[in-house]
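Visitor: Below is the structure I would like to discuss, written out as structure tokens.
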Protein chains: 2
Amino acid sequence: MPYSPTGALTTLPAGHPCEDCPVRPITICRSLEARTLADMRRMGNMQRLQPDQPVLHEGDPAKRVFMLTLGALKIYTLLGDGRRQVTGFMFPGDFLGITRDEEYAFTIEALRPSELWWFSREAFDRFVEANPSVERELYKMAAHELAAAQQQMVLLGRKTAAERVASFFLNLLQRGERVSGRTETRFNLPMSRLDMADYLGLTKETVSRMLAELRDRRLIRLETQSRVEVLDRAGLADMAEGHRAA
Amino acid sequence: MPYSPTGALTTLPAGHPCEDCPVRPITICRSLEARTLADMRRMGNMQRLQPDQPVLHEGDPAKRVFMLTLGALKIYTLLGDGRRQVTGFMFPGDFLGITRDEEYAFTIEALRPSELWWFSREAFDRFVEANPSVERELYKMAAHELAAAQQQMVLLGRKTAAERVASFFLNLLQRGERVSGRTETRFNLPMSRLDMADYLGLTKETVSRMLAELRDRRLIRLETQSRVEVLDRAGLADMAEGHRAA
DNA sequence: CGCTCTCTTGAAGAATATCAACGTGAGTGG
DNA sequence: CCACTCACGTTGATATTCTTCAAGAGAGCG
């Protein structure tokens, strides 16, 4: 069982179309931004994806590096009997497939119509080699990912179903705010209830029930099935942190 | 809530006294090994710790970097009401406290009498600056940590209690083998049942029951309360991956 | 040798999963 | 453009796993 680094490294290209609300911490990473994005455009190949179409499979030789420019992706691992854990969602500006292993260690699929740019691992390695500061940026990004992963361990190991959903929504809201640069009260859910459930270590039914509970407590409103308005942000934060209101 | 990178970065100083069986993937990281270890010895300050004594607290200003040379540590996060998630254990050769944040994002405590070397963040940063290849090594280590974190998410999100304990034991066994360089059938448990439980997202009672189950299935034997002999490695692996024997 | 803390085991309870049925809305084709 | 349809989402009833509460056993230490 190979150890398999770094599926998604997140960075935010300034002014990128980020119509879907992202969930992970973003490293504002100016050196990469300016240069990598430009180079990627020049050297890279654009690829479009339809929902459920895979970007890469666990076990595939790790020959490419990708940057998502439009849409949304999910990254997941399967157990032998089909149980699935979604370990993250990816949004425009995120890098994926960066690894030092021979093979990818997870599967990444499109949630909705998406656009991404890829280039070969060799080209990426050359680029990193030629730009030493990029190494530092990669490390920063990995460190951010690691911090997010630790928060997710707390969520999965110790939070109740309601707390998990509240935490998730708060993260989505906050990422939306980082993207737009201003306070938000709404966000999108580009993933299905099942994807949410597999990310939060729950079933889709439990997710649905917790949505109903947050709604009934007047913490959120479901504008549509995939768009949420936050009515009581402080209350949502309290619930996320386990300040358990009866 | 600050994002808080990289509590533990793991590397293995060759030939280090690693009497306790470690749990995380080890990056054999020769460039750091040879130079950092020597420098750390020269520049560093040695510190001894008794069980339960903290190395650092969540929220402390992140002014030092540590290397564990003897003993074992746990790293954890608390929720407001006292629920605790242990996000990792650390063993000789592991680096800790490396972060780009102003504050540490978690608490680290000794499990047993331990010895560690620290030096100031400035000294560490200078060292990294002066040795560009170290940046790459740090990135590698972070990537390994990230891979381990993703495996842990699968464990916490989707595995049953028995599978979690089996997975944990398999990891401990494998780390012991990486340390010794040969096949092992035994390993130590330097942490309490409660620490294991908080690492695996369970209660100490459930951990105890799962130990009994693994024992009754003749997969393991408890030589003492803190030393395990693996009787059926393949069976343990099957259980860890959820090939659910009735 | 006894004390205390941890660990184990048992019984009852709670949270979430599972199974099942019913809505609902987005997309499609008429 | 509307209606149909099917997948997705919601809700309800029951089952299961794990937790909680409680008590007893074992191990380490003064």
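Residue numbering restarts at 1 in every chain; chains get A, B, ... in the order shown in the structure tokens, and ligands count up from 1 in that same order.
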Could you list, with a cut-off of 12 Å and counting only C-alpha atoms (C1' of nucleotides), the residues of chain D near segment 3-9 of chain C, each shown with its nearest atom pair and the distance in Å rounded to one decimal, rows sorted by chain and ascending number, as a tab-separated table?
Guide:
```
residue	atom	partner	partner_atom	distance
D:DA22	C1'	C:DT9	C1'	10.5
D:DA23	C1'	C:DT9	C1'	8.9
D:DG24	C1'	C:DT9	C1'	8.2
D:DA25	C1'	C:DT8	C1'	7.2
D:DG26	C1'	C:DC7	C1'	7.5
D:DA27	C1'	C:DT6	C1'	8.2
D:DG28	C1'	C:DC5	C1'	9.0
D:DC29	C1'	C:DC3	C1'	8.8
D:DG30	C1'	C:DC3	C1'	8.6
```
Visitor: Only residues of chain C matter here; which ones have an atom within 9 Å of chain A, counting only C-alpha atoms (C1' of nucleotides)? Give them as a list in words.
Guide: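 The answer, sorted by residue number, is DA15, DT16 and DA17 of chain C.
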Visitor: Quick one: of B:Glu115, B:Asp94, B:Glu137, B:Asp216, who's nearest to chain A, counting only C-alpha atoms?
Guide: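 Once distances to chain A are computed over only C-alpha atoms, the minimum belongs to B:Glu137.
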Visitor: Hey, what's within 12 Å of Asp238 of chain A if we count only C-alpha atoms (C1' of nucleotides) and toss same-chain stuff fewer than 5 positions away? As a ChimeraX atom specification, please?
Guide: /A:162-164,166-167,170,214,219,232-233,243-246 /B:79-81
Visitor: Kindly determine which residues of chain B lie within 8 Å of chain A, considering only C-alpha atoms, and give the answer as a PDB file with N, CA, C and O atoms, in the first residue's frame.
Guide:
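Contents of part_19.pdb, freshly written:
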```pdb
ATOM      1  N   TYR B   3      -6.006  28.940  10.153  1.00  0.00           N
ATOM      2  CA  TYR B   3      -5.556  27.691   9.554  1.00  0.00           C
ATOM      3  C   TYR B   3      -4.149  27.402  10.023  1.00  0.00           C
ATOM      4  O   TYR B   3      -3.300  28.277  10.085  1.00  0.00           O
ATOM      5  N   SER B   4      -3.872  26.190  10.289  1.00  0.00           N
ATOM      6  CA  SER B   4      -2.733  25.870  11.134  1.00  0.00           C
ATOM      7  C   SER B   4      -2.003  24.648  10.630  1.00  0.00           C
ATOM      8  O   SER B   4      -2.343  23.532  10.970  1.00  0.00           O
ATOM      9  N   PRO B   5      -1.019  24.884   9.841  1.00  0.00           N
ATOM     10  CA  PRO B   5      -0.328  23.799   9.169  1.00  0.00           C
ATOM     11  C   PRO B   5       0.515  22.935  10.089  1.00  0.00           C
ATOM     12  O   PRO B   5       0.931  23.350  11.157  1.00  0.00           O
ATOM     13  N   THR B   6       0.695  21.753   9.696  1.00  0.00           N
ATOM     14  CA  THR B   6       1.857  20.938   9.916  1.00  0.00           C
ATOM     15  C   THR B   6       2.330  20.847  11.351  1.00  0.00           C
ATOM     16  O   THR B   6       3.302  21.452  11.756  1.00  0.00           O
ATOM     17  N   PRO B  25       3.457   7.153   8.724  1.00  0.00           N
ATOM     18  CA  PRO B  25       4.408   6.875   7.661  1.00  0.00           C
ATOM     19  C   PRO B  25       5.697   7.630   7.922  1.00  0.00           C
ATOM     20  O   PRO B  25       5.688   8.723   8.458  1.00  0.00           O
ATOM     21  N   THR B  77      -6.674  17.838  19.579  1.00  0.00           N
ATOM     22  CA  THR B  77      -7.506  19.033  19.542  1.00  0.00           C
ATOM     23  C   THR B  77      -8.711  18.790  20.437  1.00  0.00           C
ATOM     24  O   THR B  77      -9.246  17.684  20.467  1.00  0.00           O
ATOM     25  N   LEU B  79     -12.667  19.976  21.595  1.00  0.00           N
ATOM     26  CA  LEU B  79     -13.862  20.770  21.318  1.00  0.00           C
ATOM     27  C   LEU B  79     -14.258  21.480  22.609  1.00  0.00           C
ATOM     28  O   LEU B  79     -13.769  21.155  23.691  1.00  0.00           O
ATOM     29  N   GLY B  80     -15.193  22.433  22.464  1.00  0.00           N
ATOM     30  CA  GLY B  80     -15.568  23.260  23.605  1.00  0.00           C
ATOM     31  C   GLY B  80     -16.006  22.476  24.830  1.00  0.00           C
ATOM     32  O   GLY B  80     -15.704  22.851  25.968  1.00  0.00           O
ATOM     33  N   ASP B  81     -16.704  21.375  24.628  1.00  0.00           N
ATOM     34  CA  ASP B  81     -17.257  20.634  25.761  1.00  0.00           C
ATOM     35  C   ASP B  81     -16.338  19.503  26.216  1.00  0.00           C
ATOM     36  O   ASP B  81     -16.764  18.641  26.979  1.00  0.00           O
ATOM     37  N   ARG B  83     -14.789  17.129  24.366  1.00  0.00           N
ATOM     38  CA  ARG B  83     -14.504  16.048  23.432  1.00  0.00           C
ATOM     39  C   ARG B  83     -13.127  16.270  22.832  1.00  0.00           C
ATOM     40  O   ARG B  83     -12.728  17.395  22.583  1.00  0.00           O
ATOM     41  N   ARG B  84     -12.435  15.177  22.602  1.00  0.00           N
ATOM     42  CA  ARG B  84     -11.053  15.283  22.180  1.00  0.00           C
ATOM     43  C   ARG B  84     -10.807  14.419  20.943  1.00  0.00           C
ATOM     44  O   ARG B  84     -11.325  13.306  20.848  1.00  0.00           O
ATOM     45  N   GLN B  85     -10.060  14.937  20.004  1.00  0.00           N
ATOM     46  CA  GLN B  85      -9.627  14.122  18.878  1.00  0.00           C
ATOM     47  C   GLN B  85      -8.109  14.100  18.854  1.00  0.00           C
ATOM     48  O   GLN B  85      -7.480  15.153  18.715  1.00  0.00           O
ATOM     49  N   THR B  87      -5.083  13.532  16.783  1.00  0.00           N
ATOM     50  CA  THR B  87      -4.861  13.487  15.333  1.00  0.00           C
ATOM     51  C   THR B  87      -3.570  12.759  14.973  1.00  0.00           C
ATOM     52  O   THR B  87      -3.318  12.521  13.800  1.00  0.00           O
ATOM     53  N   THR B  99       5.520  25.211  11.533  1.00  0.00           N
ATOM     54  CA  THR B  99       4.304  25.839  11.045  1.00  0.00           C
ATOM     55  C   THR B  99       4.641  27.205  10.485  1.00  0.00           C
ATOM     56  O   THR B  99       5.687  27.771  10.800  1.00  0.00           O
ATOM     57  N   ARG B 100       3.772  27.740   9.671  1.00  0.00           N
ATOM     58  CA  ARG B 100       3.950  29.099   9.180  1.00  0.00           C
ATOM     59  C   ARG B 100       3.003  30.053   9.896  1.00  0.00           C
ATOM     60  O   ARG B 100       2.983  31.246   9.629  1.00  0.00           O
ATOM     61  N   GLU B 135      13.805  22.660   1.863  1.00  0.00           N
ATOM     62  CA  GLU B 135      12.436  23.042   1.525  1.00  0.00           C
ATOM     63  C   GLU B 135      11.720  21.884   0.832  1.00  0.00           C
ATOM     64  O   GLU B 135      10.577  21.549   1.142  1.00  0.00           O
ATOM     65  N   ARG B 136      12.432  21.277  -0.090  1.00  0.00           N
ATOM     66  CA  ARG B 136      11.866  20.135  -0.806  1.00  0.00           C
ATOM     67  C   ARG B 136      11.564  18.978   0.144  1.00  0.00           C
ATOM     68  O   ARG B 136      10.525  18.326   0.039  1.00  0.00           O
ATOM     69  N   LEU B 138      10.922  19.222   3.316  1.00  0.00           N
ATOM     70  CA  LEU B 138       9.757  19.598   4.117  1.00  0.00           C
ATOM     71  C   LEU B 138       8.474  19.340   3.344  1.00  0.00           C
ATOM     72  O   LEU B 138       7.489  18.833   3.884  1.00  0.00           O
ATOM     73  N   TYR B 139       8.519  19.676   2.087  1.00  0.00           N
ATOM     74  CA  TYR B 139       7.345  19.454   1.251  1.00  0.00           C
ATOM     75  C   TYR B 139       7.021  17.970   1.140  1.00  0.00           C
ATOM     76  O   TYR B 139       5.872  17.549   1.284  1.00  0.00           O
ATOM     77  N   LYS B 140       8.057  17.183   0.933  1.00  0.00           N
ATOM     78  CA  LYS B 140       7.861  15.728   0.880  1.00  0.00           C
ATOM     79  C   LYS B 140       7.215  15.211   2.150  1.00  0.00           C
ATOM     80  O   LYS B 140       6.288  14.410   2.131  1.00  0.00           O
ATOM     81  N   ALA B 142       5.486  16.852   4.333  1.00  0.00           N
ATOM     82  CA  ALA B 142       4.104  17.317   4.445  1.00  0.00           C
ATOM     83  C   ALA B 142       3.191  16.477   3.561  1.00  0.00           C
ATOM     84  O   ALA B 142       2.072  16.124   3.951  1.00  0.00           O
ATOM     85  N   ALA B 143       3.691  16.136   2.375  1.00  0.00           N
ATOM     86  CA  ALA B 143       2.892  15.330   1.460  1.00  0.00           C
ATOM     87  C   ALA B 143       2.610  13.951   2.060  1.00  0.00           C
ATOM     88  O   ALA B 143       1.499  13.424   1.943  1.00  0.00           O
ATOM     89  N   HIS B 144       3.598  13.378   2.729  1.00  0.00           N
ATOM     90  CA  HIS B 144       3.387  12.090   3.384  1.00  0.00           C
ATOM     91  C   HIS B 144       2.357  12.200   4.501  1.00  0.00           C
ATOM     92  O   HIS B 144       1.481  11.345   4.656  1.00  0.00           O
ATOM     93  N   GLU B 145       2.490  13.263   5.267  1.00  0.00           N
ATOM     94  CA  GLU B 145       1.525  13.481   6.340  1.00  0.00           C
ATOM     95  C   GLU B 145       0.109  13.592   5.785  1.00  0.00           C
ATOM     96  O   GLU B 145      -0.846  13.083   6.359  1.00  0.00           O
ATOM     97  N   LEU B 146       0.021  14.282   4.656  1.00  0.00           N
ATOM     98  CA  LEU B 146      -1.273  14.488   4.032  1.00  0.00           C
ATOM     99  C   LEU B 146      -1.876  13.160   3.595  1.00  0.00           C
ATOM    100  O   LEU B 146      -3.066  12.902   3.774  1.00  0.00           O
ATOM    101  N   ALA B 147      -1.046  12.304   3.044  1.00  0.00           N
ATOM    102  CA  ALA B 147      -1.523  10.988   2.627  1.00  0.00           C
ATOM    103  C   ALA B 147      -2.021  10.199   3.834  1.00  0.00           C
ATOM    104  O   ALA B 147      -3.078   9.561   3.793  1.00  0.00           O
ATOM    105  N   ALA B 148      -1.252  10.279   4.926  1.00  0.00           N
ATOM    106  CA  ALA B 148      -1.673   9.579   6.140  1.00  0.00           C
ATOM    107  C   ALA B 148      -2.988  10.156   6.654  1.00  0.00           C
ATOM    108  O   ALA B 148      -3.870   9.422   7.103  1.00  0.00           O
ATOM    109  N   ALA B 149      -3.109  11.468   6.567  1.00  0.00           N
ATOM    110  CA  ALA B 149      -4.341  12.118   7.034  1.00  0.00           C
ATOM    111  C   ALA B 149      -5.539  11.646   6.230  1.00  0.00           C
ATOM    112  O   ALA B 149      -6.624  11.424   6.773  1.00  0.00           O
ATOM    113  N   GLN B 150      -5.331  11.457   4.928  1.00  0.00           N
ATOM    114  CA  GLN B 150      -6.446  11.000   4.104  1.00  0.00           C
ATOM    115  C   GLN B 150      -6.850   9.582   4.466  1.00  0.00           C
ATOM    116  O   GLN B 150      -8.045   9.262   4.522  1.00  0.00           O
ATOM    117  N   GLN B 152      -6.591   8.347   7.348  1.00  0.00           N
ATOM    118  CA  GLN B 152      -7.273   8.451   8.630  1.00  0.00           C
ATOM    119  C   GLN B 152      -8.709   8.932   8.444  1.00  0.00           C
ATOM    120  O   GLN B 152      -9.613   8.539   9.186  1.00  0.00           O
ATOM    121  N   MET B 153      -8.924   9.782   7.453  1.00  0.00           N
ATOM    122  CA  MET B 153     -10.302  10.214   7.169  1.00  0.00           C
ATOM    123  C   MET B 153     -11.172   9.039   6.747  1.00  0.00           C
ATOM    124  O   MET B 153     -12.329   8.940   7.138  1.00  0.00           O
ATOM    125  N   VAL B 154     -10.598   8.158   5.938  1.00  0.00           N
ATOM    126  CA  VAL B 154     -11.352   6.972   5.533  1.00  0.00           C
ATOM    127  C   VAL B 154     -11.687   6.145   6.770  1.00  0.00           C
ATOM    128  O   VAL B 154     -12.820   5.692   6.950  1.00  0.00           O
ATOM    129  N   LEU B 156     -11.945   7.122   9.922  1.00  0.00           N
ATOM    130  CA  LEU B 156     -12.897   7.778  10.817  1.00  0.00           C
ATOM    131  C   LEU B 156     -14.279   7.912  10.186  1.00  0.00           C
ATOM    132  O   LEU B 156     -15.294   7.859  10.885  1.00  0.00           O
ATOM    133  N   GLY B 157     -14.301   8.068   8.875  1.00  0.00           N
ATOM    134  CA  GLY B 157     -15.580   8.309   8.225  1.00  0.00           C
ATOM    135  C   GLY B 157     -16.345   7.050   7.882  1.00  0.00           C
ATOM    136  O   GLY B 157     -17.568   7.035   7.903  1.00  0.00           O
ATOM    137  N   ARG B 158     -15.625   5.956   7.594  1.00  0.00           N
ATOM    138  CA  ARG B 158     -16.302   4.822   6.994  1.00  0.00           C
ATOM    139  C   ARG B 158     -16.001   3.455   7.582  1.00  0.00           C
ATOM    140  O   ARG B 158     -16.613   2.471   7.191  1.00  0.00           O
ATOM    141  N   ASP B 198      -9.572   8.075  21.413  1.00  0.00           N
ATOM    142  CA  ASP B 198      -9.681   9.436  20.891  1.00  0.00           C
ATOM    143  C   ASP B 198      -9.002   9.579  19.533  1.00  0.00           C
ATOM    144  O   ASP B 198      -9.297  10.491  18.777  1.00  0.00           O
ATOM    145  N   TYR B 199      -8.084   8.691  19.243  1.00  0.00           N
ATOM    146  CA  TYR B 199      -7.454   8.684  17.917  1.00  0.00           C
ATOM    147  C   TYR B 199      -8.374   8.029  16.893  1.00  0.00           C
ATOM    148  O   TYR B 199      -8.432   8.445  15.740  1.00  0.00           O
ATOM    149  N   LEU B 200      -9.098   7.010  17.330  1.00  0.00           N
ATOM    150  CA  LEU B 200      -9.913   6.214  16.410  1.00  0.00           C
ATOM    151  C   LEU B 200     -11.371   6.654  16.358  1.00  0.00           C
ATOM    152  O   LEU B 200     -12.186   6.054  15.666  1.00  0.00           O
ATOM    153  N   GLY B 201     -11.700   7.709  17.081  1.00  0.00           N
ATOM    154  CA  GLY B 201     -13.083   8.183  17.083  1.00  0.00           C
ATOM    155  C   GLY B 201     -14.040   7.251  17.796  1.00  0.00           C
ATOM    156  O   GLY B 201     -15.195   7.104  17.395  1.00  0.00           O
ATOM    157  N   LEU B 202     -13.566   6.588  18.854  1.00  0.00           N
ATOM    158  CA  LEU B 202     -14.374   5.632  19.609  1.00  0.00           C
ATOM    159  C   LEU B 202     -14.309   5.990  21.093  1.00  0.00           C
ATOM    160  O   LEU B 202     -13.727   7.003  21.473  1.00  0.00           O
ATOM    161  N   GLU B 241      -9.434  -3.866   6.193  1.00  0.00           N
ATOM    162  CA  GLU B 241      -9.962  -3.359   4.922  1.00  0.00           C
ATOM    163  C   GLU B 241     -11.449  -3.643   4.763  1.00  0.00           C
ATOM    164  O   GLU B 241     -12.017  -3.365   3.712  1.00  0.00           O
ATOM    165  N   GLY B 242     -12.022  -4.235   5.781  1.00  0.00           N
ATOM    166  CA  GLY B 242     -13.463  -4.423   5.731  1.00  0.00           C
ATOM    167  C   GLY B 242     -13.921  -5.629   4.942  1.00  0.00           C
ATOM    168  O   GLY B 242     -15.062  -5.677   4.499  1.00  0.00           O
ATOM    169  N   HIS B 243     -13.051  -6.609   4.766  1.00  0.00           N
ATOM    170  CA  HIS B 243     -13.489  -7.874   4.175  1.00  0.00           C
ATOM    171  C   HIS B 243     -14.191  -8.646   5.273  1.00  0.00           C
ATOM    172  O   HIS B 243     -13.650  -9.567   5.861  1.00  0.00           O
TER     173      HIS B 243
END
```
Visitor: Could you please tell me, as a PyMOL selection string, which residues of chain D have an atom within 9 Å of chain B when using only C-alpha atoms (C1' of nucleotides)?
Guide: chain D and resi 17-19+27
Visitor: Pick out each residue of segment 9-245 of chain A that DSSP on the backbone tags as strand (DSSP E); I need them as JSON, numbers by chain.
Guide: {"A": [9, 10, 45, 46, 47, 48, 49, 54, 55, 56, 64, 65, 66, 67, 68, 69, 70, 73, 74, 75, 76, 77, 78, 84, 85, 86, 87, 88, 89, 90, 94, 95, 96, 107, 108, 109, 110, 114, 115, 116, 117, 118, 119, 120, 186, 187, 188, 220, 221, 222, 223, 224, 227, 228, 229, 230]}
Visitor: I'd like the neighbourhood of Gly71 of chain B as a list in words, where a residue qualifies if any of its atoms comes within 10 Å (using only C-alpha atoms (C1' of nucleotides)), though same-chain residues fewer than 3 positions away should be ignored.
Guide: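 Here the qualifying residues turn out to be Pro17, Cys18, Glu19, Asp20, Arg48, Leu49, Gln50, Pro51, Leu68, Met90, Phe91, Pro92, Ala110, Leu111, Arg112, Pro113, Ser114, Glu115, Leu116 and Pro190 of chain B.
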Visitor: According to DSSP computed on the backbone, where in segment 137-220 of chain B is there alpha helix (DSSP H)? Give the residues as a PyMOL selection string.
Guide: chain B and resi 137-158+161-180+193-200+204-216
Visitor: Taking 5 positions as the minimum chain separation for residues in the same chain, which residues sit within 12 Å of DT14 of chain D when counting only C-alpha atoms (C1' of nucleotides)? Answer as an mmCIF file with C-alpha atoms (C1' of nucleotides), in the first residue's frame.
Guide:
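out.cif, written as the output of this step:
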```cif
data_model
loop_
_atom_site.group_PDB
_atom_site.id
_atom_site.type_symbol
_atom_site.label_atom_id
_atom_site.label_comp_id
_atom_site.auth_asym_id
_atom_site.auth_seq_id
_atom_site.Cartn_x
_atom_site.Cartn_y
_atom_site.Cartn_z
ATOM 1 C "C1'" DA C 17 -27.921 3.412 9.675
ATOM 2 C "C1'" DT C 18 -31.005 0.785 7.099
ATOM 3 C "C1'" DC C 19 -35.117 -0.246 4.757
ATOM 4 C "C1'" DA C 20 -39.110 1.496 2.616
#
```
Visitor: For DT10 of chain D, work out the shell of residues within 9 Å, counting only C-alpha atoms (C1' of nucleotides) and skipping chain neighbours fewer than 6 positions away, then give it as a VMD selection string.
Guide: (chain A and resid 205 208 to 209) or (chain C and resid 22 to 23)
Visitor: Atom CA of Ile108 of chain B and atom CA of Gly93 of chain B are how many Å apart?
Guide: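 Straight-line distance from atom CA of Ile108 of chain B to atom CA of Gly93 of chain B works out to 15.4 Å.
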